[in-house]
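Chemist: Have a peek at data-v2.csv (CSV, C-alpha atoms).
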chain,number,residue,atom,x,y,z
A,1,MET,CA,-1.4,-0.7,18.0
A,2,LYS,CA,-2.7,-1.7,14.6
A,3,LYS,CA,-0.4,-1.3,11.6
A,4,ARG,CA,-1.4,1.3,9.1
A,5,LEU,CA,-2.4,0.1,5.7
A,6,VAL,CA,-2.7,2.8,3.1
A,7,VAL,CA,-4.4,2.0,-0.1
A,8,LEU,CA,-4.5,4.0,-3.4
A,9,THR,CA,-7.3,2.9,-5.7
A,10,GLY,CA,-8.1,3.8,-9.3
A,11,ALA,CA,-10.8,3.0,-11.9
A,12,GLY,CA,-9.7,-0.7,-12.1
A,13,ILE,CA,-11.2,-1.5,-8.7
A,14,SER,CA,-14.6,-0.3,-9.8
A,15,ALA,CA,-14.5,-1.7,-13.3
A,16,GLU,CA,-15.5,-5.1,-12.0
A,17,SER,CA,-18.6,-3.5,-10.5
A,18,GLY,CA,-19.6,-2.5,-14.0
A,19,LEU,CA,-18.3,1.1,-14.0
A,20,LYS,CA,-16.3,2.0,-17.1
A,21,THR,CA,-12.8,3.3,-16.6
A,22,PHE,CA,-12.3,7.0,-17.0
A,23,ARG,CA,-11.1,7.0,-20.6
A,24,GLY,CA,-11.1,4.3,-23.1
A,25,ALA,CA,-8.5,3.5,-25.7
A,26,ASP,CA,-10.2,5.9,-28.1
A,27,GLY,CA,-9.7,8.8,-25.7
A,28,LEU,CA,-13.4,9.1,-25.1
A,29,TRP,CA,-15.3,8.9,-21.8
A,30,GLU,CA,-18.7,7.2,-22.4
A,31,GLY,CA,-18.6,8.5,-26.0
A,32,TYR,CA,-17.8,12.1,-25.1
A,33,GLN,CA,-14.6,14.1,-25.5
A,34,VAL,CA,-13.2,14.7,-22.0
A,35,THR,CA,-12.8,18.4,-22.9
A,36,ASP,CA,-16.5,18.6,-23.5
A,37,VAL,CA,-17.6,17.3,-20.1
A,38,ALA,CA,-14.7,17.4,-17.6
A,39,THR,CA,-13.2,20.9,-17.7
A,40,PRO,CA,-14.2,24.3,-16.3
A,41,GLU,CA,-14.4,25.5,-19.8
A,42,ALA,CA,-16.9,22.9,-20.7
A,43,TRP,CA,-19.1,23.9,-17.8
A,44,ARG,CA,-19.0,27.6,-18.9
A,45,ARG,CA,-19.6,26.6,-22.5
A,46,ASN,CA,-22.4,24.1,-22.0
A,47,PRO,CA,-23.5,23.5,-18.4
A,48,GLU,CA,-26.6,21.6,-19.5
A,49,LEU,CA,-24.5,19.0,-21.3
A,50,VAL,CA,-22.1,18.6,-18.4
A,51,GLN,CA,-25.0,18.4,-15.9
A,52,ARG,CA,-26.7,15.7,-18.0
A,53,PHE,CA,-23.4,13.8,-18.4
A,54,TYR,CA,-22.8,13.6,-14.7
A,55,ASN,CA,-26.4,12.8,-13.9
A,56,GLU,CA,-26.0,9.7,-16.2
A,57,ARG,CA,-22.7,8.7,-14.5
A,58,ARG,CA,-24.3,9.2,-11.1
A,59,GLN,CA,-27.2,6.9,-12.0
A,60,GLN,CA,-24.8,4.2,-13.2
A,61,ILE,CA,-22.9,4.4,-9.9
A,62,LEU,CA,-26.0,4.3,-7.8
A,63,ASN,CA,-27.0,1.1,-9.7
A,64,ALA,CA,-23.6,-0.5,-9.2
A,65,GLU,CA,-22.7,-2.6,-6.2
A,66,PRO,CA,-19.3,-2.9,-4.3
A,67,ASN,CA,-17.3,-6.0,-5.4
A,68,PHE,CA,-15.1,-8.4,-3.4
A,69,ALA,CA,-12.1,-6.0,-3.6
A,70,HIS,CA,-14.1,-3.1,-2.0
A,71,LYS,CA,-15.6,-5.4,0.6
A,72,ALA,CA,-12.2,-7.0,1.5
A,73,LEU,CA,-10.7,-3.6,2.1
A,74,ALA,CA,-13.5,-2.7,4.5
A,75,LEU,CA,-13.1,-6.0,6.4
A,76,LEU,CA,-9.3,-5.3,6.8
A,77,GLU,CA,-10.2,-2.6,9.2
A,78,ASN,CA,-10.7,-5.3,11.8
A,79,GLN,CA,-7.0,-6.0,11.5
A,80,PHE,CA,-5.4,-2.8,10.3
A,81,ASP,CA,-5.7,0.9,10.5
A,82,VAL,CA,-6.9,1.3,6.9
A,83,HIS,CA,-6.8,4.6,5.0
A,84,ILE,CA,-8.1,4.5,1.5
A,85,ILE,CA,-7.1,7.2,-1.0
A,86,THR,CA,-9.1,6.9,-4.2
A,87,GLN,CA,-9.0,8.6,-7.5
A,88,ASN,CA,-12.6,7.4,-8.1
A,89,ILE,CA,-15.6,9.6,-7.9
A,90,ASP,CA,-18.0,6.7,-6.9
A,91,ASP,CA,-19.0,5.9,-3.4
A,92,LEU,CA,-18.4,2.1,-3.6
A,93,HIS,CA,-15.8,2.1,-0.9
A,94,GLU,CA,-18.2,3.7,1.6
A,95,ARG,CA,-21.0,1.4,0.6
A,96,ALA,CA,-18.7,-1.6,1.2
A,97,GLY,CA,-18.1,-0.3,4.7
A,98,SER,CA,-14.8,1.5,4.6
A,99,GLN,CA,-14.6,4.3,7.2
A,100,ASN,CA,-11.5,6.3,6.2
A,101,VAL,CA,-11.8,7.3,2.5
A,102,THR,CA,-10.1,10.3,0.9
A,103,HIS,CA,-11.6,11.2,-2.5
A,104,LEU,CA,-8.9,13.0,-4.5
A,105,HIS,CA,-11.2,13.9,-7.4
A,106,GLY,CA,-14.4,14.5,-5.5
A,107,LEU,CA,-17.6,12.4,-5.0
A,108,ILE,CA,-20.3,12.4,-7.6
A,109,THR,CA,-23.1,11.9,-5.1
A,110,TYR,CA,-22.4,15.4,-3.8
A,111,ALA,CA,-22.8,18.8,-5.4
A,112,GLN,CA,-20.8,22.0,-4.9
A,113,SER,CA,-21.4,25.7,-5.5
A,114,SER,CA,-20.1,26.9,-8.8
A,115,ILE,CA,-18.6,30.0,-7.1
A,116,ASP,CA,-17.4,28.5,-3.8
A,117,SER,CA,-16.0,25.0,-3.9
A,118,ASP,CA,-16.1,24.8,-0.1
A,119,LEU,CA,-19.9,24.8,-0.2
A,120,ILE,CA,-20.8,21.1,-0.6
A,121,TYR,CA,-24.2,19.4,-0.4
A,122,PRO,CA,-25.5,15.8,-0.7
A,123,ILE,CA,-27.6,15.3,-3.8
A,124,ASP,CA,-31.2,14.3,-3.0
A,125,GLY,CA,-32.4,11.5,-5.3
A,126,GLY,CA,-29.4,11.3,-7.6
A,127,GLU,CA,-30.3,14.1,-10.1
A,128,LEU,CA,-28.8,17.5,-10.1
A,129,LYS,CA,-30.9,20.0,-12.0
A,130,MET,CA,-30.2,23.3,-13.7
A,131,GLY,CA,-31.8,25.8,-11.3
A,132,ASP,CA,-30.6,24.0,-8.2
A,133,HIS,CA,-28.7,26.7,-6.3
A,134,CYS,CA,-26.3,26.9,-3.4
A,135,GLU,CA,-27.0,29.2,-0.4
A,136,LEU,CA,-25.2,32.0,-2.3
A,137,GLY,CA,-27.6,31.7,-5.2
A,138,SER,CA,-25.2,30.2,-7.7
A,139,GLN,CA,-25.9,27.1,-9.8
A,140,LEU,CA,-24.8,23.8,-8.2
A,141,ARG,CA,-22.4,21.6,-10.2
A,142,PRO,CA,-21.0,18.1,-9.6
A,143,HIS,CA,-18.6,17.8,-6.7
A,144,VAL,CA,-15.9,16.5,-9.1
A,145,VAL,CA,-12.4,17.8,-9.7
A,146,TRP,CA,-12.1,18.6,-13.4
A,147,PHE,CA,-9.0,18.8,-15.6
A,148,GLY,CA,-7.4,22.2,-15.0
A,149,GLU,CA,-8.6,22.4,-11.4
A,150,ALA,CA,-6.5,22.0,-8.3
A,151,VAL,CA,-6.8,18.8,-6.3
A,152,PRO,CA,-7.6,20.1,-2.8
A,153,LYS,CA,-6.9,16.9,-0.9
A,154,ILE,CA,-3.5,16.0,-2.4
A,155,GLU,CA,-1.5,17.4,0.5
A,156,GLU,CA,-3.7,15.5,3.0
A,157,ALA,CA,-3.2,12.3,0.9
A,158,SER,CA,0.6,12.8,0.7
A,159,GLU,CA,0.8,13.0,4.5
A,160,ILE,CA,-1.2,9.8,4.9
A,161,CYS,CA,1.2,8.0,2.5
A,162,GLN,CA,4.1,9.0,4.6
A,163,THR,CA,2.6,7.1,7.5
A,164,ALA,CA,2.1,3.8,5.7
A,165,ASP,CA,3.4,0.6,7.4
A,166,ILE,CA,2.0,-1.3,4.4
A,167,PHE,CA,1.0,0.2,1.1
A,168,LEU,CA,-1.4,-1.2,-1.6
A,169,LEU,CA,-1.8,0.2,-5.1
A,170,ILE,CA,-4.8,-1.3,-6.9
A,171,GLY,CA,-6.5,-0.6,-10.2
A,172,THR,CA,-4.6,2.5,-11.3
A,173,SER,CA,-2.2,3.1,-14.2
A,174,LEU,CA,-0.5,6.0,-12.3
A,175,ALA,CA,-1.1,8.2,-15.4
A,176,VAL,CA,-3.0,11.1,-13.8
A,177,TYR,CA,-1.1,13.6,-11.8
A,178,PRO,CA,-0.8,14.7,-9.0
A,179,ALA,CA,-2.3,11.5,-7.8
A,180,ALA,CA,0.4,9.4,-9.6
A,181,GLY,CA,3.1,11.1,-7.5
A,182,LEU,CA,1.7,9.9,-4.2
A,183,VAL,CA,3.7,6.7,-4.2
A,184,ASP,CA,6.8,8.9,-3.9
A,185,TYR,CA,5.7,9.8,-0.4
A,186,VAL,CA,5.6,6.2,0.8
A,187,PRO,CA,8.7,5.4,2.9
A,188,ASP,CA,11.3,3.2,1.2
A,189,HIS,CA,11.2,0.5,3.9
A,190,THR,CA,7.4,0.1,3.6
A,191,LEU,CA,6.3,-3.1,1.9
A,192,LYS,CA,4.4,-2.1,-1.3
A,193,TYR,CA,1.9,-4.2,-3.2
A,194,VAL,CA,0.6,-3.5,-6.7
A,195,ILE,CA,-2.5,-5.2,-8.1
A,196,ASP,CA,-3.3,-4.6,-11.8
A,197,PRO,CA,-3.4,-6.7,-15.0
A,198,ASP,CA,-1.2,-4.0,-16.6
A,199,ILE,CA,1.4,-3.1,-14.0
A,200,PRO,CA,2.4,0.6,-14.1
A,201,ASN,CA,6.0,1.8,-14.0
A,202,VAL,CA,6.9,1.1,-10.4
A,203,LYS,CA,10.1,-0.9,-10.7
A,204,HIS,CA,12.2,1.9,-9.3
A,205,TYR,CA,10.5,1.7,-5.9
A,206,LYS,CA,11.9,-0.4,-3.1
A,207,ASN,CA,10.2,-3.4,-1.4
A,208,ILE,CA,7.6,-3.9,-4.0
A,209,ILE,CA,5.5,-7.0,-4.8
A,210,LEU,CA,3.6,-7.1,-8.1
A,211,ILE,CA,0.3,-9.0,-8.6
A,212,HIS,CA,-0.6,-9.2,-12.3
A,213,LYS,CA,-4.3,-9.6,-11.9
A,214,LYS,CA,-7.6,-7.8,-11.9
A,215,ALA,CA,-8.7,-6.2,-8.6
A,216,THR,CA,-10.9,-9.0,-7.3
A,217,GLU,CA,-8.5,-11.9,-8.1
A,218,GLY,CA,-5.5,-9.9,-7.0
A,219,MET,CA,-7.1,-9.0,-3.7
A,220,ALA,CA,-7.5,-12.6,-2.8
A,221,ASP,CA,-3.7,-13.1,-3.5
A,222,PHE,CA,-2.9,-9.9,-1.5
A,223,LEU,CA,-4.9,-11.2,1.5
A,224,SER,CA,-2.9,-14.5,1.5
A,225,MET,CA,0.4,-12.6,1.2
A,226,LEU,CA,-0.6,-10.1,3.9
A,227,ASN,CA,-1.3,-12.9,6.4
A,228,ALA,CA,2.0,-14.5,5.6
A,229,ASN,CA,4.0,-11.3,6.1
A,230,VAL,CA,2.2,-9.9,9.2
Please rewrite the model in this file as structure tokens.

Modeler:
Amino acid sequence: MKKRLVVLTGAGISAESGLKTFRGADGLWEGYQVTDVATPEAWRRNPELVQRFYNERRQQILNAEPNFAHKALALLENQFDVHIITQNIDDLHERAGSQNVTHLHGLITYAQSSIDSDLIYPIDGGELKMGDHCELGSQLRPHVVWFGEAVPKIEEASEICQTADIFLLIGTSLAVYPAAGLVDYVPDHTLKYVIDPDIPNVKHYKNIILIHKKATEGMADFLSMLNANV
């Protein structure tokens, strides 16, 4: 039976594909205040702005390509039972070939009903327009979890973390909850790897190996260590 490798990824893994991290040092996301484009209140206040913002982000993502770190995780499925939990709203893991991906914060290439979040649809062509409606007749919005909204898949993700034989944290500062609390569900005896140029506060966890590098460089080191420890 294959060992289970559980991976939690954040914006850092996609940054090397040209996608900007969620918020810069100035607190802005692509020049916008997060409260103007990533909250339910923003949607109610100015849905056209929110729609345009996510259409632009979606186009950036569609033009981006998976990098070595994404591809390496997909190839590890030949050797391990790999489960990826991502905070990212891009589809680069899937395009790299990963089969088991849980999107905590939604997937930007999909739309959802603005009155029933269980009604989810793939977006044809990449642009979501005002006037595009769900089967109930309500406006479609991006399939993205905004600030102030529940994270529907957090329980599923916590259960996956409990089953990890090996755990990898890559490209996340562990600053956004509830995703940041997922490491707490990983068993103490599980070997844990962290890849990031700025290692988050993880020193209190047991059996942890720190790799102070960007995602692509760190992934090469991780593969070497993984082969040595398997």

Chemist: Please identify all polymer residues within 7 Å of Ile120 in chain A, counting all atoms listed in the file, omitting same-chain residues fewer than 6 positions from it, and present them as a short mmCIF file (atom, residue, chain, number, x, y, z; two decimals) with C-alpha atoms, keeping the file's coordinate frame.

Modeler:
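For reference, result_8.cif as written:
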data_model
loop_
_atom_site.label_atom_id
_atom_site.label_comp_id
_atom_site.auth_asym_id
_atom_site.auth_seq_id
_atom_site.Cartn_x
_atom_site.Cartn_y
_atom_site.Cartn_z
CA TYR A 110 -22.40 15.40 -3.80
CA ALA A 111 -22.80 18.80 -5.40
CA GLN A 112 -20.80 22.00 -4.90
CA SER A 113 -21.40 25.70 -5.50
#

Chemist: Would you give me, as CSV, each residue of range 93-182 of chain A having an atom within 9 Å of an atom of range 27-44 of chain A, along with its shortest atom pair and that distance in Å to one decimal, using only C-alpha atoms and sorting by chain and residue number?

Modeler:
residue,atom,partner,partner_atom,distance
A:Arg141,CA,A:Trp43,CA,8.6
A:Val144,CA,A:Ala38,CA,8.6
A:Val145,CA,A:Ala38,CA,8.2
A:Trp146,CA,A:Thr39,CA,5.0
A:Phe147,CA,A:Thr39,CA,5.1
A:Gly148,CA,A:Thr39,CA,6.5
A:Glu149,CA,A:Pro40,CA,7.7

Chemist: Using only C-alpha atoms, which residue out of A:Ile208, A:Ala179, A:Ala11, A:Ala220 lies closest to Lys71 in chain A?

Modeler: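 Closest residue, counting only C-alpha atoms: A:Ala220.
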
Chemist: Please indicate the distance in Å from CA of Tyr177 in chain A to CA of His83 in chain A, rounded to one decimal place.

Modeler: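 Here the two named atoms are 19.9 Å from each other.
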
Chemist: Please, what distance in Å, to one decimal, runs between CA of Ser98 in chain A and CA of Leu75 in chain A?

Modeler: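 Distance between the two atoms: 7.9 Å.
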
Chemist: Nearest residue to Lys2 in chain A out of A:Ile160, A:Leu107, A:Ile154, A:Val82, using all atoms listed in the file?

Modeler: A:Val82

Chemist: Which is closest to Glu77 in chain A among A:Lys3, A:His103, A:Lys20, A:Lys129, if we use only C-alpha atoms?

Modeler: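 Ranking A:Lys3, A:His103, A:Lys20, A:Lys129 by distance to Glu77 in chain A, first place goes to A:Lys3.
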
Chemist: Select, from A:Ala15, A:Gly171, A:Tyr121, A:Ala72, the residue with the minimum atom-to-atom distance to Ser224 in chain A, counting only C-alpha atoms.

Modeler: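 With only C-alpha atoms as the atom set, the closest residue is A:Ala72.
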
Chemist: Missing atoms in range 189-200 of chain A: can you complete it with all heavy atoms, as a short mmCIF file (atom, residue, chain, number, x, y, z; two decimals), in the frame of the given file?

Modeler:
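Wrote result.cif, looks like this:
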data_model
loop_
_atom_site.label_atom_id
_atom_site.label_comp_id
_atom_site.auth_asym_id
_atom_site.auth_seq_id
_atom_site.Cartn_x
_atom_site.Cartn_y
_atom_site.Cartn_z
N HIS A 189 11.23 1.83 3.16
CA HIS A 189 11.20 0.50 3.90
C HIS A 189 9.83 -0.10 3.92
O HIS A 189 9.69 -1.26 4.27
CB HIS A 189 11.71 0.75 5.32
CG HIS A 189 10.79 1.59 6.16
ND1 HIS A 189 10.96 2.96 6.30
CD2 HIS A 189 9.69 1.28 6.89
CE1 HIS A 189 10.01 3.44 7.09
NE2 HIS A 189 9.21 2.45 7.46
N THR A 190 8.79 0.65 3.55
CA THR A 190 7.40 0.10 3.60
C THR A 190 7.22 -0.91 2.50
O THR A 190 7.59 -0.69 1.34
CB THR A 190 6.41 1.28 3.40
OG1 THR A 190 6.54 2.20 4.50
CG2 THR A 190 4.98 0.76 3.36
N LEU A 191 6.61 -2.04 2.85
CA LEU A 191 6.30 -3.10 1.90
C LEU A 191 5.14 -2.57 1.00
O LEU A 191 4.10 -2.13 1.51
CB LEU A 191 5.91 -4.36 2.58
CG LEU A 191 5.84 -5.64 1.72
CD1 LEU A 191 7.17 -5.89 1.01
CD2 LEU A 191 5.47 -6.83 2.58
N LYS A 192 5.34 -2.64 -0.33
CA LYS A 192 4.40 -2.10 -1.30
C LYS A 192 3.86 -3.19 -2.19
O LYS A 192 4.66 -3.92 -2.78
CB LYS A 192 5.04 -0.98 -2.11
CG LYS A 192 5.70 0.12 -1.28
CD LYS A 192 6.59 1.01 -2.14
CE LYS A 192 7.38 1.97 -1.28
NZ LYS A 192 8.44 1.28 -0.49
N TYR A 193 2.55 -3.27 -2.33
CA TYR A 193 1.90 -4.20 -3.20
C TYR A 193 1.23 -3.48 -4.36
O TYR A 193 0.63 -2.43 -4.14
CB TYR A 193 0.86 -5.04 -2.46
CG TYR A 193 1.38 -5.89 -1.33
CD1 TYR A 193 1.59 -5.35 -0.07
CD2 TYR A 193 1.64 -7.25 -1.51
CE1 TYR A 193 2.05 -6.12 0.99
CE2 TYR A 193 2.09 -8.04 -0.46
CZ TYR A 193 2.29 -7.47 0.78
OH TYR A 193 2.75 -8.24 1.83
N VAL A 194 1.28 -4.05 -5.56
CA VAL A 194 0.60 -3.50 -6.70
C VAL A 194 -0.26 -4.52 -7.36
O VAL A 194 0.23 -5.59 -7.74
CB VAL A 194 1.61 -2.92 -7.76
CG1 VAL A 194 0.87 -2.33 -8.95
CG2 VAL A 194 2.53 -1.88 -7.13
N ILE A 195 -1.56 -4.24 -7.46
CA ILE A 195 -2.50 -5.20 -8.10
C ILE A 195 -3.03 -4.48 -9.38
O ILE A 195 -3.69 -3.44 -9.32
CB ILE A 195 -3.69 -5.50 -7.20
CG1 ILE A 195 -3.22 -6.18 -5.92
CG2 ILE A 195 -4.68 -6.39 -7.95
CD1 ILE A 195 -4.34 -6.39 -4.90
N ASP A 196 -2.74 -5.09 -10.53
CA ASP A 196 -3.30 -4.60 -11.80
C ASP A 196 -2.89 -5.56 -12.90
O ASP A 196 -1.78 -6.10 -12.88
CB ASP A 196 -2.72 -3.19 -12.13
CG ASP A 196 -3.63 -2.43 -13.09
OD1 ASP A 196 -3.57 -2.70 -14.29
OD2 ASP A 196 -4.40 -1.58 -12.63
N PRO A 197 -3.78 -5.80 -13.87
CA PRO A 197 -3.40 -6.70 -15.00
C PRO A 197 -2.31 -6.04 -15.85
O PRO A 197 -1.54 -6.74 -16.50
CB PRO A 197 -4.71 -6.86 -15.77
CG PRO A 197 -5.57 -5.72 -15.35
CD PRO A 197 -5.19 -5.38 -13.95
N ASP A 198 -2.25 -4.70 -15.85
CA ASP A 198 -1.20 -4.00 -16.60
C ASP A 198 -0.43 -3.14 -15.55
O ASP A 198 -0.82 -2.02 -15.22
CB ASP A 198 -1.81 -3.07 -17.64
CG ASP A 198 -2.58 -3.85 -18.69
OD1 ASP A 198 -2.02 -4.80 -19.24
OD2 ASP A 198 -3.77 -3.50 -18.92
N ILE A 199 0.64 -3.72 -15.03
CA ILE A 199 1.40 -3.10 -14.00
C ILE A 199 1.98 -1.76 -14.43
O ILE A 199 2.65 -1.72 -15.48
CB ILE A 199 2.51 -4.00 -13.45
CG1 ILE A 199 1.94 -5.32 -12.89
CG2 ILE A 199 3.37 -3.30 -12.40
CD1 ILE A 199 1.15 -5.17 -11.62
N PRO A 200 1.75 -0.66 -13.70
CA PRO A 200 2.40 0.60 -14.10
C PRO A 200 3.86 0.61 -13.83
O PRO A 200 4.40 -0.35 -13.28
CB PRO A 200 1.64 1.63 -13.18
CG PRO A 200 1.17 0.83 -12.01
CD PRO A 200 0.88 -0.54 -12.52
#
